[in-house]
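Asks: Structure file start.txt, compact mmCIF, C-alpha atoms and all ligand atoms, is pasted below:
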# COMPACT_ATOMS: atom_id res chain seq x y z
CA PHE A 1 0.00 0.00 0.00
CA ASP A 2 1.26 3.45 -0.90
CA ASP A 3 -0.75 6.24 0.72
CA ALA A 4 0.68 9.11 -1.35
CA ARG A 5 0.08 7.27 -4.61
CA LEU A 6 -3.52 6.54 -3.65
CA ALA A 7 -4.07 10.24 -2.89
CA ILE A 8 -2.65 11.18 -6.34
CA CYS A 9 -4.78 8.50 -7.95
CA LEU A 10 -7.92 9.92 -6.29
CA ALA A 11 -7.10 13.43 -7.55
CA GLN A 12 -6.66 11.99 -11.06
CA THR A 13 -9.97 10.13 -10.74
CA LEU A 14 -11.66 13.39 -9.76
CA GLU A 15 -10.24 15.01 -12.89
CA ASP A 16 -11.39 12.10 -15.08
CA LEU A 17 -14.91 12.70 -13.76
CA GLY A 18 -14.85 16.39 -14.69
CA GLY A 19 -13.66 17.82 -11.37
CA VAL A 20 -10.81 20.31 -10.97
CA PRO A 21 -8.24 19.26 -8.37
CA VAL A 22 -6.03 22.15 -7.22
CA ASN A 23 -2.93 21.95 -5.04
CA TYR A 24 -0.96 24.63 -3.20
CA ALA A 25 -4.26 26.43 -2.53
CA ARG A 26 -4.98 27.31 1.08
CA VAL A 27 -8.49 28.06 2.35
CA GLU A 28 -8.26 31.20 4.49
CA SER A 29 -11.90 32.06 5.16
CA PHE A 30 -15.41 31.27 4.03
CA LEU A 31 -17.78 33.30 1.91
CA LYS A 32 -21.26 33.59 3.38
CA ASP A 33 -24.61 34.61 1.99
CA SER A 34 -27.41 35.21 4.54
CA GLY A 35 -25.44 33.19 7.08
CA ARG A 36 -24.91 30.21 4.72
CA VAL A 37 -21.47 29.14 3.55
CA CYS A 38 -21.39 29.71 -0.21
CA GLY A 39 -17.70 29.41 -1.01
CA ALA A 40 -14.21 30.11 0.24
CA VAL A 41 -11.37 32.59 -0.05
CA VAL A 42 -8.44 30.53 -1.29
CA ARG A 43 -4.85 31.71 -1.49
CA ASP A 44 -2.64 30.49 -4.30
CA VAL A 45 0.44 29.68 -2.26
CA GLU A 46 2.74 30.06 -5.29
CA THR A 47 1.67 33.54 -6.38
CA GLY A 48 0.30 34.79 -3.07
CA GLN A 49 -2.92 35.82 -4.83
CA ALA A 50 -6.28 35.29 -3.11
CA HIS A 51 -9.30 34.02 -5.07
CA GLU A 52 -12.97 33.79 -4.19
CA ILE A 53 -14.41 30.41 -5.16
CA ARG A 54 -18.17 29.98 -4.97
CA ALA A 55 -19.80 26.62 -4.32
CA ARG A 56 -23.20 25.14 -3.53
CA THR A 57 -21.63 22.95 -0.85
CA VAL A 58 -18.28 23.22 0.91
CA VAL A 59 -16.76 20.07 2.42
CA ASN A 60 -13.99 20.37 4.98
CA ALA A 61 -11.83 17.23 4.82
CA THR A 62 -8.59 18.52 6.32
CA GLY A 63 -7.54 15.73 8.70
CA VAL A 64 -5.88 17.05 11.87
CA PHE A 65 -6.64 20.61 10.69
CA THR A 66 -10.42 19.98 10.69
CA ASP A 67 -11.08 22.06 13.81
CA THR A 68 -8.94 24.98 12.58
CA VAL A 69 -11.03 25.12 9.41
CA ARG A 70 -14.30 24.69 11.35
CA ARG A 71 -13.34 27.73 13.41
CA MET A 72 -13.09 29.81 10.20
CA ASP A 73 -16.81 29.14 9.90
CA CYS A 74 -17.68 29.52 13.59
CA PRO A 75 -14.95 30.75 15.99
CA GLN A 76 -16.70 29.31 19.07
CA THR A 77 -16.60 25.75 17.73
CA ARG A 78 -15.31 23.12 20.18
CA ASN A 79 -12.57 20.75 19.06
CA VAL A 80 -13.69 17.29 17.99
CA ILE A 81 -10.34 16.02 16.73
CA THR A 82 -7.21 15.07 18.55
CA ALA A 83 -3.93 14.15 16.88
CA SER A 84 -1.89 11.03 17.40
CA GLN A 85 1.56 10.75 15.89
CA GLY A 86 2.71 7.55 14.25
CA ALA A 87 6.39 7.14 13.34
CA HIS A 88 7.97 4.72 10.88
CA ILE A 89 11.51 3.75 10.03
CA VAL A 90 12.74 2.24 6.77
CA LEU A 91 15.54 -0.34 6.72
CA GLU A 92 17.27 -2.43 4.06
CA LYS A 93 15.24 -5.38 2.82
CA SER A 94 17.82 -7.79 4.28
CA PHE A 95 16.38 -7.09 7.75
CA LEU A 96 13.22 -8.92 6.69
CA PRO A 97 14.04 -11.14 3.70
CA GLY A 98 11.15 -12.75 1.85
CA ASP A 99 7.62 -11.59 1.15
CA CYS A 100 5.98 -12.02 4.54
CA ALA A 101 5.13 -9.26 6.97
CA LEU A 102 5.56 -9.48 10.73
CA LEU A 103 2.88 -8.38 13.14
CA ILE A 104 3.92 -8.17 16.76
CA PRO A 105 0.63 -7.96 18.66
CA ARG A 106 2.11 -7.03 22.01
CA THR A 107 5.12 -4.86 22.73
CA ASP A 108 6.44 -3.93 26.20
CA ASP A 109 3.86 -1.19 26.58
CA GLY A 110 1.03 -3.08 24.88
CA ARG A 111 1.31 -1.40 21.49
CA LEU A 112 1.18 -3.26 18.22
CA LEU A 113 4.21 -3.27 15.91
CA PHE A 114 4.64 -4.34 12.32
CA ALA A 115 7.47 -4.87 9.88
CA ILE A 116 6.48 -5.20 6.25
CA PRO A 117 8.26 -5.57 2.94
CA TRP A 118 7.75 -2.15 1.27
CA HIS A 119 9.20 -1.01 -2.07
CA ASP A 120 12.09 -3.48 -1.73
CA ARG A 121 12.85 -2.21 1.79
CA THR A 122 11.57 -3.05 5.27
CA LEU A 123 9.06 -0.65 6.78
CA VAL A 124 8.80 -0.78 10.56
CA GLY A 125 5.99 0.97 12.40
CA THR A 126 4.30 2.39 14.19
CA THR A 127 3.81 4.43 17.32
CA ASP A 128 0.80 6.14 18.82
CA THR A 129 1.94 9.32 20.56
CA PRO A 130 -0.62 11.97 21.53
CA VAL A 131 0.47 15.40 20.28
CA LEU A 132 -0.93 18.84 21.05
CA GLU A 133 0.61 20.73 18.11
CA THR A 134 -0.46 19.90 14.58
CA SER A 135 2.15 20.43 11.93
CA LEU A 136 2.32 19.73 8.20
CA GLU A 137 5.73 18.13 8.69
CA PRO A 138 5.71 16.22 12.00
CA ARG A 139 9.01 14.62 12.99
CA PRO A 140 9.48 11.31 14.86
CA PHE A 141 10.51 11.77 18.50
CA ASP A 142 13.77 10.16 19.67
CA ALA A 143 11.76 7.92 22.01
CA GLU A 144 9.69 6.67 19.04
CA ILE A 145 12.80 5.73 17.06
CA GLU A 146 14.26 3.97 20.11
CA PHE A 147 11.02 2.07 20.62
CA LEU A 148 10.91 0.92 16.98
CA LEU A 149 14.59 -0.11 16.90
CA LYS A 150 14.42 -1.93 20.22
CA HIS A 151 11.35 -3.98 19.42
CA ALA A 152 12.12 -4.63 15.76
CA GLY A 153 15.55 -5.90 16.84
CA ARG A 154 13.92 -8.80 18.65
CA TYR A 155 12.29 -10.18 15.51
CA LEU A 156 14.25 -9.08 12.43
CA SER A 157 17.15 -11.04 10.91
CA ARG A 158 19.56 -8.74 12.83
CA LYS A 159 19.30 -5.90 15.29
CA PRO A 160 18.94 -2.57 13.47
CA LEU A 161 20.97 0.37 14.77
CA GLU A 162 20.34 4.06 14.20
CA ARG A 163 22.87 4.11 11.38
CA ASP A 164 20.84 1.45 9.53
CA ILE A 165 17.87 3.77 9.19
CA LEU A 166 17.43 4.81 5.57
CA SER A 167 14.63 7.18 6.41
CA ALA A 168 12.43 7.97 9.40
CA PHE A 169 9.10 9.74 9.10
CA ALA A 170 5.93 10.48 11.02
CA GLY A 171 2.30 11.25 10.31
CA LEU A 172 -0.59 12.60 12.35
CA ARG A 173 -3.77 10.56 12.68
CA PRO A 174 -6.90 12.63 13.09
CA LEU A 175 -8.81 10.85 15.85
CA VAL A 176 -12.31 11.66 16.97
CA LYS A 177 -12.10 12.88 20.55
CA ALA A 178 -13.54 10.73 23.28
CA ASN A 179 -14.29 12.33 26.61
CA GLU A 180 -11.19 12.34 28.77
CA ALA A 181 -9.55 9.48 26.91
CA ARG A 182 -5.81 9.69 27.54
CA ASN A 183 -4.64 6.81 25.44
CA THR A 184 -5.00 7.73 21.78
CA ALA A 185 -4.54 4.08 20.77
CA ARG A 186 -7.98 3.49 22.28
CA LEU A 187 -9.69 6.41 20.55
CA SER A 188 -12.08 5.74 17.73
CA ARG A 189 -10.73 5.14 14.24
CA ASP A 190 -14.28 5.74 12.97
CA HIS A 191 -15.16 8.94 11.17
CA ILE A 192 -17.67 11.61 12.08
CA LEU A 193 -19.69 13.97 9.96
CA LEU A 194 -20.70 17.40 11.15
CA VAL A 195 -22.92 19.91 9.38
CA SER A 196 -22.63 23.37 10.91
CA PRO A 197 -25.60 25.76 11.21
CA SER A 198 -24.19 27.62 8.18
CA GLY A 199 -24.03 24.40 6.14
CA LEU A 200 -20.28 23.62 6.25
CA VAL A 201 -19.90 19.83 5.97
CA SER A 202 -16.91 18.48 7.91
CA VAL A 203 -15.75 14.87 7.66
CA ALA A 204 -13.04 13.85 10.07
CA GLY A 205 -11.31 10.88 11.63
CA GLY A 206 -11.56 7.61 9.74
CA LYS A 207 -8.91 5.66 7.88
CA TRP A 208 -7.68 5.05 4.38
CA THR A 209 -9.37 1.66 4.56
CA THR A 210 -12.76 3.29 4.96
CA TYR A 211 -12.33 6.25 2.60
CA ARG A 212 -15.10 5.13 0.23
CA LYS A 213 -17.57 4.82 3.11
CA MET A 214 -16.43 8.27 4.33
CA GLY A 215 -17.06 9.67 0.84
CA GLU A 216 -20.48 8.05 0.63
CA ASP A 217 -21.54 9.42 4.01
CA THR A 218 -20.24 12.88 3.11
CA VAL A 219 -22.21 13.00 -0.14
CA SER A 220 -25.34 11.91 1.76
CA ALA A 221 -24.77 14.60 4.42
CA ALA A 222 -24.21 17.25 1.76
CA GLY A 223 -27.58 16.28 0.29
CA PHE A 224 -27.48 16.50 -3.49
CA PRO A 225 -31.04 15.51 -4.48
CA GLY A 226 -31.11 12.66 -7.01
CA ARG A 227 -27.29 12.39 -7.05
CA PRO A 228 -26.20 9.63 -4.70
CA SER A 229 -22.53 8.82 -4.21
CA ARG A 230 -21.00 6.70 -7.00
CA THR A 231 -17.95 5.60 -5.07
CA ARG A 232 -18.99 2.04 -4.21
CA ASN A 233 -18.28 0.61 -7.67
CA LEU A 234 -16.19 3.39 -9.13
CA HIS A 235 -13.01 2.39 -10.94
CA LEU A 236 -10.08 4.56 -10.02
CA HIS A 237 -7.81 6.32 -12.51
CA GLY A 238 -5.40 3.89 -14.13
CA TRP A 239 -7.41 0.79 -13.25
CA THR A 240 -6.62 -2.26 -15.34
CA GLU A 241 -7.23 -5.97 -15.22
CA GLU A 242 -3.64 -6.65 -16.19
CA VAL A 243 -1.46 -7.13 -13.17
CA GLY A 244 1.91 -5.90 -14.32
CA ALA A 245 5.35 -7.06 -13.25
CA ASN A 246 6.07 -6.53 -9.58
CA THR A 247 8.04 -3.31 -10.00
CA HIS A 248 7.23 0.19 -8.75
CA TRP A 249 5.74 0.92 -12.20
CA ARG A 250 2.63 -0.89 -10.99
CA VAL A 251 1.47 2.35 -9.40
CA TYR A 252 0.94 3.82 -12.88
CA GLY A 253 -1.53 1.06 -13.85
CA ALA A 254 -3.11 1.73 -17.25
CA ASP A 255 -0.90 4.84 -17.65
CA CYS A 256 2.22 2.67 -18.18
CA PRO A 257 2.07 2.77 -21.99
CA ARG A 258 1.83 6.60 -21.93
CA LEU A 259 4.79 6.77 -19.58
CA ARG A 260 6.78 4.55 -21.96
CA VAL A 261 5.95 6.90 -24.85
CA LEU A 262 7.10 9.88 -22.78
CA LEU A 263 10.43 8.18 -22.07
CA GLN A 264 11.05 7.98 -25.82
CA GLU A 265 11.09 11.79 -26.06
CA ASN A 266 14.57 11.96 -24.56
CA ALA A 267 17.17 9.19 -24.29
CA GLU A 268 18.29 10.57 -20.90
CA TRP A 269 14.88 10.02 -19.35
CA SER A 270 15.15 6.22 -19.19
CA LYS A 271 18.29 6.47 -17.08
CA PRO A 272 18.08 5.77 -13.34
CA LEU A 273 18.04 8.82 -11.09
CA HIS A 274 20.24 7.09 -8.50
CA PRO A 275 21.77 3.60 -8.19
CA ARG A 276 20.02 3.03 -4.84
CA LEU A 277 16.60 4.14 -6.09
CA PRO A 278 14.26 2.43 -8.56
CA TYR A 279 13.14 5.61 -10.38
CA CYS A 280 14.15 6.90 -13.80
CA ALA A 281 14.56 10.55 -14.79
CA GLY A 282 11.43 10.51 -16.99
CA GLU A 283 9.27 9.98 -13.92
CA VAL A 284 10.16 13.51 -12.82
CA VAL A 285 8.77 14.86 -16.08
CA TRP A 286 5.73 12.59 -15.78
CA GLY A 287 5.08 13.89 -12.26
CA VAL A 288 5.16 17.50 -13.47
CA ARG A 289 3.10 16.97 -16.62
CA HIS A 290 0.49 14.52 -15.32
CA GLU A 291 0.52 14.50 -11.53
CA MET A 292 0.57 18.19 -10.57
CA ALA A 293 4.06 18.06 -9.05
CA ARG A 294 5.18 21.64 -8.32
CA THR A 295 8.19 21.22 -6.04
CA VAL A 296 11.17 18.91 -5.65
CA GLU A 297 9.53 17.64 -2.48
CA ASP A 298 6.39 16.73 -4.44
CA VAL A 299 8.44 14.59 -6.83
CA LEU A 300 10.77 12.98 -4.29
CA SER A 301 8.31 12.48 -1.46
CA ARG A 302 4.78 12.09 -2.87
CA ARG A 303 5.06 11.12 -6.57
CA THR A 304 8.06 8.87 -6.19
CA ARG A 305 8.80 7.78 -2.58
CA ALA A 306 12.55 8.43 -2.84
CA LEU A 307 12.67 10.43 0.42
CA MET A 308 11.11 7.55 2.35
CA LEU A 309 13.18 4.84 0.69
CA ASP A 310 16.57 6.49 1.10
CA GLY A 311 16.85 9.99 2.55
CA ARG A 312 20.52 10.41 1.58
CA ALA A 313 20.06 9.23 -2.00
CA SER A 314 17.06 11.52 -2.43
CA ALA A 315 19.10 14.53 -1.23
CA GLU A 316 21.85 13.62 -3.72
CA ILE A 317 19.49 13.72 -6.70
CA ALA A 318 17.65 16.90 -5.64
CA PRO A 319 19.79 19.16 -7.94
CA THR A 320 19.09 16.95 -10.99
CA VAL A 321 15.39 16.81 -10.20
CA ALA A 322 15.19 20.58 -9.61
CA ALA A 323 16.92 21.29 -12.95
CA MET A 324 14.56 18.95 -14.83
CA MET A 325 11.52 20.49 -13.15
CA ALA A 326 12.73 24.03 -13.87
CA GLU A 327 12.90 23.14 -17.56
CA GLU A 328 9.33 21.81 -17.52
CA LEU A 329 7.86 24.58 -15.37
CA GLY A 330 9.85 27.47 -16.85
CA ARG A 331 11.62 28.33 -13.60
CA ASP A 332 14.96 30.11 -13.14
CA GLU A 333 18.26 29.41 -11.35
CA LYS A 334 17.03 31.10 -8.17
CA TRP A 335 14.08 28.69 -7.99
CA ILE A 336 16.43 25.73 -8.50
CA LYS A 337 18.68 26.87 -5.65
CA GLU A 338 15.76 27.46 -3.28
CA GLN A 339 14.19 24.10 -4.11
CA VAL A 340 17.44 22.20 -3.63
CA SER A 341 18.25 23.81 -0.32
CA ALA A 342 14.68 23.38 1.01
CA PHE A 343 14.65 19.72 0.00
CA GLN A 344 18.09 18.97 1.41
CA ALA A 345 17.08 20.47 4.76
CA LEU A 346 13.97 18.30 4.72
CA ALA A 347 15.92 15.16 3.80
CA ASP A 348 18.36 15.82 6.66
CA ALA A 349 15.43 15.72 9.05
CA TYR A 350 14.46 12.26 7.70
CA LEU A 351 17.84 10.85 8.67
CA PRO A 352 19.06 9.86 12.10
CA PRO A 353 21.96 11.92 13.46
CA ARG A 354 25.14 10.88 11.62
CA VAL A 355 27.19 8.44 13.68
C1 LIG B 1 0.99 6.72 11.45
C2 LIG B 1 -0.26 6.50 10.67
C3 LIG B 1 -0.74 5.23 10.49
C4 LIG B 1 -1.89 4.99 9.76
N1 LIG B 1 -2.32 3.72 9.58
C5 LIG B 1 -3.41 3.48 8.85
C6 LIG B 1 -3.87 2.15 8.64
O1 LIG B 1 -3.27 1.19 9.14
N2 LIG B 1 -4.96 1.96 7.88
C7 LIG B 1 -5.63 3.00 7.33
O2 LIG B 1 -6.62 2.77 6.67
N3 LIG B 1 -5.24 4.27 7.48
C8 LIG B 1 -4.15 4.55 8.24
N4 LIG B 1 -3.73 5.83 8.41
C9 LIG B 1 -4.46 6.92 7.72
C10 LIG B 1 -5.23 7.82 8.67
O3 LIG B 1 -5.92 7.04 9.55
C11 LIG B 1 -6.08 8.83 7.95
O4 LIG B 1 -6.93 8.25 7.03
C12 LIG B 1 -5.26 9.89 7.27
O5 LIG B 1 -4.04 10.17 7.83
C13 LIG B 1 -6.05 11.17 7.35
O6 LIG B 1 -6.44 11.50 6.08
P1 LIG B 1 -7.17 12.86 5.81
O7 LIG B 1 -7.35 12.96 4.34
O8 LIG B 1 -8.38 12.99 6.69
O9 LIG B 1 -6.15 13.98 6.32
P2 LIG B 1 -4.74 14.39 5.75
O10 LIG B 1 -4.12 13.30 4.98
O11 LIG B 1 -4.00 14.98 6.90
O12 LIG B 1 -5.12 15.52 4.70
C14 LIG B 1 -5.58 16.77 5.11
C15 LIG B 1 -5.23 17.75 4.01
O13 LIG B 1 -5.87 18.97 4.28
C16 LIG B 1 -5.00 20.01 3.86
N5 LIG B 1 -5.37 21.26 4.54
C17 LIG B 1 -5.32 21.55 5.86
N6 LIG B 1 -5.73 22.82 6.09
C18 LIG B 1 -6.05 23.34 4.87
C19 LIG B 1 -6.53 24.61 4.44
N7 LIG B 1 -6.77 25.61 5.27
N8 LIG B 1 -6.73 24.79 3.10
C20 LIG B 1 -6.49 23.79 2.21
N9 LIG B 1 -6.04 22.55 2.57
C21 LIG B 1 -5.83 22.35 3.88
C22 LIG B 1 -3.61 19.52 4.26
O14 LIG B 1 -2.62 20.19 3.52
C23 LIG B 1 -3.72 18.05 3.90
O15 LIG B 1 -3.30 17.83 2.58
C24 LIG B 1 -2.58 6.09 9.16
C25 LIG B 1 -2.10 7.39 9.35
C26 LIG B 1 -0.97 7.60 10.10
C27 LIG B 1 -0.49 9.00 10.32
Output the structure of this file as structure tokens.

Replies:
Amino acid sequence: FDDARLAICLAQTLEDLGGVPVNYARVESFLKDSGRVCGAVVRDVETGQAHEIRARTVVNATGVFTDTVRRMDCPQTRNVITASQGAHIVLEKSFLPGDCALLIPRTDDGRLLFAIPWHDRTLVGTTDTPVLETSLEPRPFDAEIEFLLKHAGRYLSRKPLERDILSAFAGLRPLVKANEARNTARLSRDHILLVSPSGLVSVAGGKWTTYRKMGEDTVSAAGFPGRPSRTRNLHLHGWTEEVGANTHWRVYGADCPRLRVLLQENAEWSKPLHPRLPYCAGEVVWGVRHEMARTVEDVLSRRTRALMLDGRASAEIAPTVAAMMAEELGRDEKWIKEQVSAFQALADAYLPPRV
């Protein structure tokens, strides 16, 4: 499973159905007409320009930021979401050879731990740490890394040390608040739907596993007469009955032939970006042209998963990726420099302290 690729695939599916996905657009306030939400003021983060976008229904699906956005509608709103951080570390495949995953149902403090084969590496996770601050780029705590290394060491082919970590990353789970619950591992993974007096529909909590059900419930709550949700049997962008070879190209599904055609445009594009990474240069161009990639981080973190597979290797290819993107997007040297330095700082944070 690749969460970022599924999110991209859903945006592409939306476009296939006539929708207009937009990224780097931040909702700053809501437009109201006679007390009803009728749109939003959205800032284009690249140009700094604000735009008014009108809509019959506005759905707030912003994960751990749900309450912040609800307060734009009604400042007195009480929080319904709490955040729980989950950290992961990525190790060489040799730590867990073969195709089977490990599930450790009980660790020293009762948490569940897994180690799974992931993109030809071993992914070890996860933790469940309550956090008060919500950030777009949460970082694993030292105690989380220690916990993962210590427990994984008991079951993997050899004990991993900090220096074996290829990448370490964290995410924030939006959990529906339970009264006075202290242990976020026990909080509900179910979703909730809230419709404010001004008509703002908020969907929060939930899981990737239940995203279709969340979508269905949201469409019902929004109430479009005669237009029920179509998600139950909807094919996603790139769906195909042909199961391709077990390489990372599988994520492109039915787009594979188009990607192959693109690679023929330039002989350089079939070349690998880095000997320790599975990606070729043409995938950068593909990400920009077909997957709305706007920054080096987009390409190396959420279109390819280079940053998660090998933080150091991803930092090494950042200048090449930035130069290719600049060519596609018509950016200048200054943009390249800024992108490279921003990405290298990010990649540093994905690596354990050098030993
Ligand atoms: C450690 C961890 C483990 C998990 N394990 C599982 C699992 O085993 N199974 C499973 O099914 N799921 C799992 N999940 C997924 C999780 O449960 C949620 O489904 C997911 O993280 C939340 O998705 P979301 O779309 O609600 O929020 P997010 O993915 O956080 O997306 C919210 C989006 O809203 C945007 N946003 C915020 N404010 C604004 C604004 N003002 N204007 C515009 N955009 C805004 C943000 O930029 C972000 O892109 C896991 C998540 C984590 C972190």

Asks: Which of these, A:Val80, A:Leu17, A:Met292, A:Ala87, has the shortest distance to A:Ser167 once you count all atoms listed in the file?

Replies: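 Going through A:Val80, A:Leu17, A:Met292, A:Ala87 one by one, the smallest distance to A:Ser167 is for A:Ala87.
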
Asks: Write out as a CSV table (one decimal) with C-alpha atoms, keeping the file's coordinate frame the residues lying within 9 Å of A:Gly63, counting all atoms listed in the file and excluding same-chain residues fewer than 5 positions away.

Replies:
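The result, written out as result01.csv:
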chain,number,residue,atom,x,y,z
A,81,ILE,CA,-10.3,16.0,16.7
A,172,LEU,CA,-0.6,12.6,12.4
A,173,ARG,CA,-3.8,10.6,12.7
A,174,PRO,CA,-6.9,12.6,13.1
A,175,LEU,CA,-8.8,10.8,15.8
A,203,VAL,CA,-15.8,14.9,7.7
A,204,ALA,CA,-13.0,13.8,10.1
A,205,GLY,CA,-11.3,10.9,11.6

Asks: Which residues are close to A:Glu338, i.e. within 12 Å by all atoms listed in the file, leaving aside same-chain residues fewer than 2 positions away? Reply as a compact mmCIF listing (two decimals) with C-alpha atoms, in the coordinates of the input.

Replies:
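Dumped everything to out.txt:
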# COMPACT_ATOMS: atom_id res chain seq x y z
CA THR A 295 8.19 21.22 -6.04
CA VAL A 296 11.17 18.91 -5.65
CA GLU A 297 9.53 17.64 -2.48
CA ALA A 318 17.65 16.90 -5.64
CA PRO A 319 19.79 19.16 -7.94
CA ALA A 322 15.19 20.58 -9.61
CA ALA A 323 16.92 21.29 -12.95
CA ALA A 326 12.73 24.03 -13.87
CA ARG A 331 11.62 28.33 -13.60
CA ASP A 332 14.96 30.11 -13.14
CA GLU A 333 18.26 29.41 -11.35
CA LYS A 334 17.03 31.10 -8.17
CA TRP A 335 14.08 28.69 -7.99
CA ILE A 336 16.43 25.73 -8.50
CA VAL A 340 17.44 22.20 -3.63
CA SER A 341 18.25 23.81 -0.32
CA ALA A 342 14.68 23.38 1.01
CA PHE A 343 14.65 19.72 0.00
CA GLN A 344 18.09 18.97 1.41
CA ALA A 345 17.08 20.47 4.76

Asks: Report the closest atom pair, with its distance in Å rounded to one decimal, for each residue of chain A that has an atom no farther than 8 Å from ligand LIG 1 (chain B); count all atoms listed in the file, sort by chain and then rising residue number, and write it as JSON lines.

Replies:
{"residue": "A:Asp3", "atom": "CA", "partner": "B:LIG1", "partner_atom": "C9", "distance": 8.0}
{"residue": "A:Tyr24", "atom": "CA", "partner": "B:LIG1", "partner_atom": "C20", "distance": 7.8}
{"residue": "A:Ala25", "atom": "CA", "partner": "B:LIG1", "partner_atom": "C20", "distance": 5.9}
{"residue": "A:Arg26", "atom": "CA", "partner": "B:LIG1", "partner_atom": "N8", "distance": 3.7}
{"residue": "A:Val27", "atom": "CA", "partner": "B:LIG1", "partner_atom": "N8", "distance": 3.8}
{"residue": "A:Glu28", "atom": "CA", "partner": "B:LIG1", "partner_atom": "N7", "distance": 5.8}
{"residue": "A:Val42", "atom": "CA", "partner": "B:LIG1", "partner_atom": "N8", "distance": 7.4}
{"residue": "A:Ala61", "atom": "CA", "partner": "B:LIG1", "partner_atom": "O8", "distance": 5.8}
{"residue": "A:Thr62", "atom": "CA", "partner": "B:LIG1", "partner_atom": "O13", "distance": 3.4}
{"residue": "A:Gly63", "atom": "CA", "partner": "B:LIG1", "partner_atom": "O9", "distance": 3.3}
{"residue": "A:Val64", "atom": "CA", "partner": "B:LIG1", "partner_atom": "O11", "distance": 5.7}
{"residue": "A:Phe65", "atom": "CA", "partner": "B:LIG1", "partner_atom": "C17", "distance": 5.1}
{"residue": "A:Thr66", "atom": "CA", "partner": "B:LIG1", "partner_atom": "N6", "distance": 7.2}
{"residue": "A:Thr68", "atom": "CA", "partner": "B:LIG1", "partner_atom": "N6", "distance": 7.6}
{"residue": "A:Val69", "atom": "CA", "partner": "B:LIG1", "partner_atom": "N7", "distance": 6.0}
{"residue": "A:Ser84", "atom": "CA", "partner": "B:LIG1", "partner_atom": "C27", "distance": 7.5}
{"residue": "A:Gln85", "atom": "CA", "partner": "B:LIG1", "partner_atom": "C1", "distance": 6.0}
{"residue": "A:Gly86", "atom": "CA", "partner": "B:LIG1", "partner_atom": "C1", "distance": 3.4}
{"residue": "A:Ala87", "atom": "CA", "partner": "B:LIG1", "partner_atom": "C1", "distance": 5.7}
{"residue": "A:His88", "atom": "CA", "partner": "B:LIG1", "partner_atom": "C1", "distance": 7.3}
{"residue": "A:Gly125", "atom": "CA", "partner": "B:LIG1", "partner_atom": "C1", "distance": 7.7}
{"residue": "A:Thr126", "atom": "CA", "partner": "B:LIG1", "partner_atom": "C1", "distance": 6.1}
{"residue": "A:Thr127", "atom": "CA", "partner": "B:LIG1", "partner_atom": "C1", "distance": 6.9}
{"residue": "A:Asp128", "atom": "CA", "partner": "B:LIG1", "partner_atom": "C1", "distance": 7.4}
{"residue": "A:Leu136", "atom": "CA", "partner": "B:LIG1", "partner_atom": "O14", "distance": 6.8}
{"residue": "A:Ala170", "atom": "CA", "partner": "B:LIG1", "partner_atom": "C1", "distance": 6.2}
{"residue": "A:Gly171", "atom": "CA", "partner": "B:LIG1", "partner_atom": "C27", "distance": 3.6}
{"residue": "A:Leu172", "atom": "CA", "partner": "B:LIG1", "partner_atom": "C27", "distance": 4.1}
{"residue": "A:Arg173", "atom": "CA", "partner": "B:LIG1", "partner_atom": "C27", "distance": 4.3}
{"residue": "A:Pro174", "atom": "CA", "partner": "B:LIG1", "partner_atom": "C13", "distance": 6.0}
{"residue": "A:Leu175", "atom": "CA", "partner": "B:LIG1", "partner_atom": "O3", "distance": 7.9}
{"residue": "A:Arg189", "atom": "CA", "partner": "B:LIG1", "partner_atom": "O3", "distance": 7.0}
{"residue": "A:Val203", "atom": "CA", "partner": "B:LIG1", "partner_atom": "O8", "distance": 7.7}
{"residue": "A:Ala204", "atom": "CA", "partner": "B:LIG1", "partner_atom": "O8", "distance": 5.8}
{"residue": "A:Gly205", "atom": "CA", "partner": "B:LIG1", "partner_atom": "O8", "distance": 6.1}
{"residue": "A:Gly206", "atom": "CA", "partner": "B:LIG1", "partner_atom": "O4", "distance": 5.4}
{"residue": "A:Lys207", "atom": "CA", "partner": "B:LIG1", "partner_atom": "O4", "distance": 3.4}
{"residue": "A:Trp208", "atom": "CA", "partner": "B:LIG1", "partner_atom": "O2", "distance": 3.4}
{"residue": "A:Thr209", "atom": "CA", "partner": "B:LIG1", "partner_atom": "O2", "distance": 3.6}
{"residue": "A:Thr210", "atom": "CA", "partner": "B:LIG1", "partner_atom": "O2", "distance": 6.4}
{"residue": "A:Tyr211", "atom": "CA", "partner": "B:LIG1", "partner_atom": "O4", "distance": 7.3}

Asks: By how many Å are atom CA of A:Thr57 and atom CA of A:Ala222 apart?

Replies: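 It comes out at 6.8 Å.
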
Asks: Would you list the contacts of A:His237 as a list in words, taking every protein, DNA or RNA residue within 6 Å and counting all atoms listed in the file, but skipping same-chain residues closer than 5 positions in sequence?

Replies: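 What passes the distance filter is Cys9, Gln12 and Thr13 of chain A.
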
Asks: Please identify all polymer residues within 9 Å of stretch 104-115 of chain A, counting only C-alpha atoms, omitting same-chain residues fewer than 5 positions from it, and present them as a list in words.

Replies: Leu96, Thr122, Leu123, Val124, Gly125, Thr126, Thr127, Asp128, Leu148, His151, Ala152, Tyr155, Leu156 and Ala185 of chain A

Asks: Starting from the point (-4.8, 8.3, -8.2), work out which residues of protein, DNA or RNA have an atom no more than 12 Å away when counting all atoms listed in the file; state them as number ranges by chain.

Replies: A: 2-16, 21, 235-239, 251-255, 290-292, 302-303

Asks: Quick one: contact table of stretch 45-84 of chain A to stretch 32-37 of chain A, 9 Å max, nearest atom pair and distance in Å to one decimal per residue, counting all atoms listed in the file, chain and number order, as CSV?

Replies:
residue,atom,partner,partner_atom,distance
A:Ala55,CA,A:Val37,CA,8.4
A:Arg56,CA,A:Val37,CA,8.3
A:Thr57,CA,A:Val37,CA,7.6
A:Val58,CA,A:Val37,CA,7.2
A:Asp73,CA,A:Val37,CA,7.9
